[in-house]
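Text of work39.pdb (PDB, C-alpha atoms) as supplied:
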```pdb
ATOM      1  CA  ILE A  42      61.415-114.240  40.408
ATOM      2  CA  LYS A  43      59.353-111.062  40.406
ATOM      3  CA  ALA A  44      60.349-108.574  43.085
ATOM      4  CA  LYS A  45      57.831-108.746  45.917
ATOM      5  CA  ALA A  46      57.002-105.996  48.361
ATOM      6  CA  LEU A  47      54.724-106.381  51.346
ATOM      7  CA  THR A  48      51.501-104.378  51.313
ATOM      8  CA  VAL A  49      51.085-101.961  54.228
ATOM      9  CA  GLU A  50      48.634-104.442  55.772
ATOM     10  CA  GLU A  51      51.022-107.393  55.362
ATOM     11  CA  GLN A  52      53.867-105.304  56.752
ATOM     12  CA  ASN A  53      51.807-104.354  59.821
ATOM     13  CA  THR A  54      50.750-107.960  60.398
ATOM     14  CA  PHE A  55      54.300-109.306  60.075
ATOM     15  CA  PHE A  56      55.749-106.690  62.430
ATOM     16  CA  ASP A  57      52.949-107.229  64.974
ATOM     17  CA  TYR A  58      53.911-110.899  65.119
ATOM     18  CA  CYS A  59      57.683-110.458  65.157
ATOM     19  CA  ARG A  60      57.554-107.936  68.000
ATOM     20  CA  ASN A  61      59.855-109.027  70.869
ATOM     21  CA  THR A  62      61.284-111.986  68.949
ATOM     22  CA  PHE A  63      65.061-112.382  68.716
ATOM     23  CA  TYR A  64      65.232-111.052  65.133
ATOM     24  CA  ASP A  65      62.754-108.187  65.577
ATOM     25  CA  ASN A  66      65.572-105.592  65.479
ATOM     26  CA  LEU A  67      67.044-107.134  62.319
ATOM     27  CA  PHE A  68      63.709-107.150  60.463
ATOM     28  CA  ASN A  69      62.941-103.566  61.486
ATOM     29  CA  VAL A  70      66.370-102.290  60.438
ATOM     30  CA  ALA A  71      65.999-104.175  57.137
ATOM     31  CA  VAL A  72      62.617-102.630  56.306
ATOM     32  CA  ASN A  73      63.728 -99.146  57.420
ATOM     33  CA  THR A  74      66.998 -99.036  55.455
ATOM     34  CA  GLY A  75      66.476-101.227  52.377
ATOM     35  CA  LEU A  76      69.861-102.882  52.932
ATOM     36  CA  ARG A  77      70.465-106.126  51.050
ATOM     37  CA  PRO A  78      70.568-109.247  53.254
ATOM     38  CA  GLY A  79      74.350-109.689  52.800
ATOM     39  CA  GLU A  80      74.922-106.022  53.705
ATOM     40  CA  LEU A  81      72.933-106.469  56.927
ATOM     41  CA  PHE A  82      74.854-109.643  57.829
ATOM     42  CA  ALA A  83      78.186-107.841  57.244
ATOM     43  CA  LEU A  84      77.314-104.788  59.366
ATOM     44  CA  GLN A  85      79.797-104.224  62.128
ATOM     45  CA  LEU A  86      79.393-102.051  65.204
ATOM     46  CA  SER A  87      81.851 -99.560  63.661
ATOM     47  CA  ASP A  88      79.692 -99.186  60.506
ATOM     48  CA  VAL A  89      76.917 -97.548  62.510
ATOM     49  CA  ASP A  90      77.318 -93.824  63.210
ATOM     50  CA  LEU A  91      74.462 -92.926  65.556
ATOM     51  CA  GLU A  92      75.871 -89.458  66.185
ATOM     52  CA  ASN A  93      75.643 -88.468  62.519
ATOM     53  CA  GLY A  94      72.695 -90.765  61.844
ATOM     54  CA  TYR A  95      73.895 -93.114  59.129
ATOM     55  CA  ILE A  96      75.016 -96.667  58.367
ATOM     56  CA  ASP A  97      78.190 -97.002  56.305
ATOM     57  CA  VAL A  98      77.639 -99.798  53.752
ATOM     58  CA  ASN A  99      81.073-100.996  52.623
ATOM     59  CA  LYS A 100      80.966-104.818  52.483
ATOM     60  CA  THR A 101      78.761-107.846  52.214
ATOM     61  CA  LEU A 102      78.930-111.197  54.026
ATOM     62  CA  VAL A 103      78.412-114.368  52.040
ATOM     63  CA  TYR A 104      78.274-117.941  53.260
ATOM     64  CA  GLN A 105      79.522-120.279  50.551
ATOM     65  CA  LYS A 106      82.152-122.798  49.576
ATOM     66  CA  TYR A 107      84.964-121.467  47.399
ATOM     67  CA  LEU A 108      87.411-123.721  45.569
ATOM     68  CA  ASP A 109      89.991-123.752  48.353
ATOM     69  CA  ASP A 110      87.439-124.122  51.174
ATOM     70  CA  ASP A 111      86.773-127.514  52.772
ATOM     71  CA  CYS A 112      83.144-126.576  53.368
ATOM     72  CA  LYS A 113      80.785-123.613  53.313
ATOM     73  CA  THR A 114      82.199-120.740  55.287
ATOM     74  CA  PHE A 115      81.803-116.970  55.735
ATOM     75  CA  HIS A 116      83.519-114.576  53.335
ATOM     76  CA  ILE A 117      83.607-110.780  53.473
ATOM     77  CA  GLU A 118      83.108-109.450  49.957
ATOM     78  CA  PRO A 119      82.950-105.990  48.459
ATOM     79  CA  PRO A 120      79.400-104.698  47.932
ATOM     80  CA  LYS A 121      77.485-105.769  44.807
ATOM     81  CA  THR A 122      78.307-102.644  42.711
ATOM     82  CA  LYS A 123      80.308 -99.401  42.956
ATOM     83  CA  GLN A 124      77.034 -97.615  43.788
ATOM     84  CA  SER A 125      76.504-100.055  46.669
ATOM     85  CA  TYR A 126      79.163 -98.228  48.718
ATOM     86  CA  ARG A 127      76.933 -95.706  50.453
ATOM     87  CA  LYS A 128      75.863 -94.014  53.652
ATOM     88  CA  VAL A 129      72.284 -94.971  54.501
ATOM     89  CA  PRO A 130      70.384 -92.543  56.744
ATOM     90  CA  ILE A 131      69.028 -93.888  60.035
ATOM     91  CA  ASN A 132      65.421 -92.736  60.530
ATOM     92  CA  SER A 133      63.889 -92.343  64.008
ATOM     93  CA  ILE A 134      62.247 -95.808  63.939
ATOM     94  CA  CYS A 135      65.434 -97.462  62.717
ATOM     95  CA  ARG A 136      67.444 -95.737  65.481
ATOM     96  CA  VAL A 137      65.312 -97.386  68.185
ATOM     97  CA  TYR A 138      65.951-100.861  66.769
ATOM     98  CA  ILE A 139      69.657-100.256  66.201
ATOM     99  CA  GLU A 140      70.043 -99.108  69.804
ATOM    100  CA  ARG A 141      68.155-102.208  70.985
ATOM    101  CA  GLN A 142      70.389-104.358  68.803
ATOM    102  CA  PHE A 143      73.555-102.860  70.323
ATOM    103  CA  GLU A 144      72.198-103.961  73.714
ATOM    104  CA  LEU A 145      71.156-107.419  72.477
ATOM    105  CA  LYS A 146      74.578-107.916  70.847
ATOM    106  CA  ARG A 147      76.254-107.017  74.159
ATOM    107  CA  ILE A 148      74.143-109.605  76.023
ATOM    108  CA  VAL A 149      74.648-112.364  73.438
ATOM    109  CA  ALA A 150      78.417-111.712  73.259
ATOM    110  CA  GLU A 151      78.657-111.829  77.070
ATOM    111  CA  LYS A 152      76.982-115.258  77.123
ATOM    112  CA  ARG A 153      79.427-116.613  74.514
ATOM    113  CA  PRO A 154      82.907-115.578  75.704
ATOM    114  CA  LYS A 155      84.657-117.929  73.236
ATOM    115  CA  GLN A 156      82.665-116.752  70.227
ATOM    116  CA  GLN A 157      83.567-113.092  69.686
ATOM    117  CA  ASN A 158      83.113-110.926  66.586
ATOM    118  CA  ASP A 159      82.146-107.368  65.645
ATOM    119  CA  TYR A 160      78.991-108.216  63.710
ATOM    120  CA  LEU A 161      75.960-106.223  64.824
ATOM    121  CA  PHE A 162      73.398-108.843  63.823
ATOM    122  CA  VAL A 163      74.173-112.368  64.994
ATOM    123  CA  THR A 164      72.453-115.594  66.017
ATOM    124  CA  LYS A 165      71.697-116.327  69.667
ATOM    125  CA  PHE A 166      75.088-118.113  69.692
ATOM    126  CA  ASN A 167      76.833-114.874  68.597
ATOM    127  CA  THR A 168      77.690-116.358  65.191
ATOM    128  CA  PRO A 169      77.267-114.492  61.891
ATOM    129  CA  LEU A 170      74.013-114.655  59.953
ATOM    130  CA  ASN A 171      73.455-116.171  56.533
ATOM    131  CA  SER A 172      70.499-116.265  54.168
ATOM    132  CA  VAL A 173      69.245-119.664  55.406
ATOM    133  CA  ILE A 174      69.098-118.458  59.024
ATOM    134  CA  TYR A 175      67.427-115.212  57.853
ATOM    135  CA  SER A 176      64.891-117.076  55.777
ATOM    136  CA  ASP A 177      64.125-119.534  58.611
ATOM    137  CA  ALA A 178      63.572-116.623  61.019
ATOM    138  CA  ILE A 179      61.073-115.034  58.609
ATOM    139  CA  LYS A 180      59.287-118.385  58.153
ATOM    140  CA  ALA A 181      59.028-118.811  61.940
ATOM    141  CA  VAL A 182      57.097-115.519  62.214
ATOM    142  CA  ILE A 183      54.874-116.480  59.268
ATOM    143  CA  ARG A 184      54.117-119.860  60.891
ATOM    144  CA  GLN A 185      52.829-117.967  63.951
ATOM    145  CA  ILE A 186      50.657-115.721  61.762
ATOM    146  CA  ASN A 187      49.247-118.708  59.880
ATOM    147  CA  LEU A 188      48.245-120.563  63.057
ATOM    148  CA  THR A 189      45.455-118.004  63.383
ATOM    149  CA  ARG A 190      44.358-118.104  59.727
ATOM    150  CA  SER A 191      42.247-120.420  57.624
ATOM    151  CA  PHE A 192      43.852-122.404  54.805
ATOM    152  CA  ASP A 193      42.516-120.017  52.176
ATOM    153  CA  SER A 194      43.910-116.877  53.818
ATOM    154  CA  GLN A 195      47.445-117.997  54.675
ATOM    155  CA  PHE A 196      50.225-115.402  54.844
ATOM    156  CA  GLU A 197      52.650-116.119  52.009
ATOM    157  CA  VAL A 198      56.279-116.940  52.738
ATOM    158  CA  PHE A 199      58.679-114.277  51.405
ATOM    159  CA  SER A 200      62.449-113.896  51.147
ATOM    160  CA  GLY A 201      64.694-111.582  53.167
ATOM    161  CA  HIS A 202      65.153-109.473  50.038
ATOM    162  CA  THR A 203      61.445-108.562  50.252
ATOM    163  CA  PHE A 204      62.237-106.072  53.033
ATOM    164  CA  ARG A 205      64.412-104.169  50.515
ATOM    165  CA  HIS A 206      61.557-104.019  47.984
ATOM    166  CA  THR A 207      59.109-103.072  50.721
ATOM    167  CA  PHE A 208      61.385-100.209  51.801
ATOM    168  CA  ALA A 209      61.654 -98.976  48.193
ATOM    169  CA  THR A 210      57.873 -99.263  47.726
ATOM    170  CA  ARG A 211      57.131 -97.259  50.899
ATOM    171  CA  CYS A 212      59.666 -94.603  49.779
ATOM    172  CA  PHE A 213      57.965 -94.422  46.378
ATOM    173  CA  GLU A 214      54.469 -94.228  47.933
ATOM    174  CA  ASN A 215      55.620 -91.416  50.227
ATOM    175  CA  GLY A 216      57.168 -89.451  47.368
TER     176      GLY A 216
END
```

Could you write out this file's structure as structure tokens?
Amino acid sequence: IKAKALTVEEQNTFFDYCRNTFYDNLFNVAVNTGLRPGELFALQLSDVDLENGYIDVNKTLVYQKYLDDDCKTFHIEPPKTKQSYRKVPINSICRVYIERQFELKRIVAEKRPKQQNDYLFVTKFNTPLNSVIYSDAIKAVIRQINLTRSFDSQFEVFSGHTFRHTFATRCFENG
């Protein structure tokens, strides 16, 4: 599949519609850091250094069935490549959404006393994220956009990885 990036117009439309939804913080952090989906899912509270303004990328979270698993389950893996271990700067926009996410995580965790973990981005049940949940959350926003559009101007569905390409594209455009 060809790497897709959102145009500035598409990006603005998407983020207008996802404003105040449960995954708004996640989408904004994704598009402002260029983290891979699995890196976002694996982020723990301790990986975020607000004082020094960076996210420490040191693992990825995958949801799959390995040989000795009875069913699909979560596995912490090393990042994709050696170069994937990195400190990603937190820009001023990203900081706002990370701070909001710390608060949302606190609320969600409080509501689910039995389901505790250190993941920053979680479902409303305080469970870890996977690519299906991520993809469904993106599609939900796009469904809202498309309610207001004719059949010949529908907003195209995109994958969670698109935020990474969009981030890279904006970086490139801004030199």

I'd like to see the residues matched by the PyMOL selection byres ((chain A and resi 145) around 12) on this file, and ideally I'd get them as an NGL selection string.
:A and (61-67 or 138-144 or 146-152 or 160-167)

So that I can see what lies close to Ile117 (chain A), please list as an NGL selection string the residues with an atom at most 8 Å from it, counting all atoms listed in the file and leaving out residues fewer than 2 positions away in the same chain.
:A and (83 or 100-103 or 115 or 119)

Which neighbours of region 184-191 of chain A fall inside 8 Å, counting only C-alpha atoms, when residues of the same chain fewer than 5 positions from it are skipped, and could you give them as a PyMOL selection string?
chain A and resi 54-55+58+196

Give me the result of the PyMOL selection byres ((chain A and resi 68) around 12) on this file, residue by residue, as an NGL selection string.
:A and (52 or 55-67 or 69-78 or 81-82 or 134-135 or 138-139 or 142 or 162 or 175-176 or 178-179 or 182 or 200-205 or 207-208)

Which of A:Arg136, A:Lys155, A:Lys123, A:Lys45 sits closest to Leu91 (chain A) [using all atoms listed in the file]:
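Among the listed residues, A:Arg136 lies closest to Leu91 (chain A).
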
Which distance in Å separates CA of Lys113 (chain A) and CA of Thr168 (chain A), to one decimal?
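Between CA of Lys113 (chain A) and CA of Thr168 (chain A) the gap is 14.3 Å.
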
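The space separating CA of Lys128 (chain A) from CA of Asn99 (chain A) comes to 8.8 Å.
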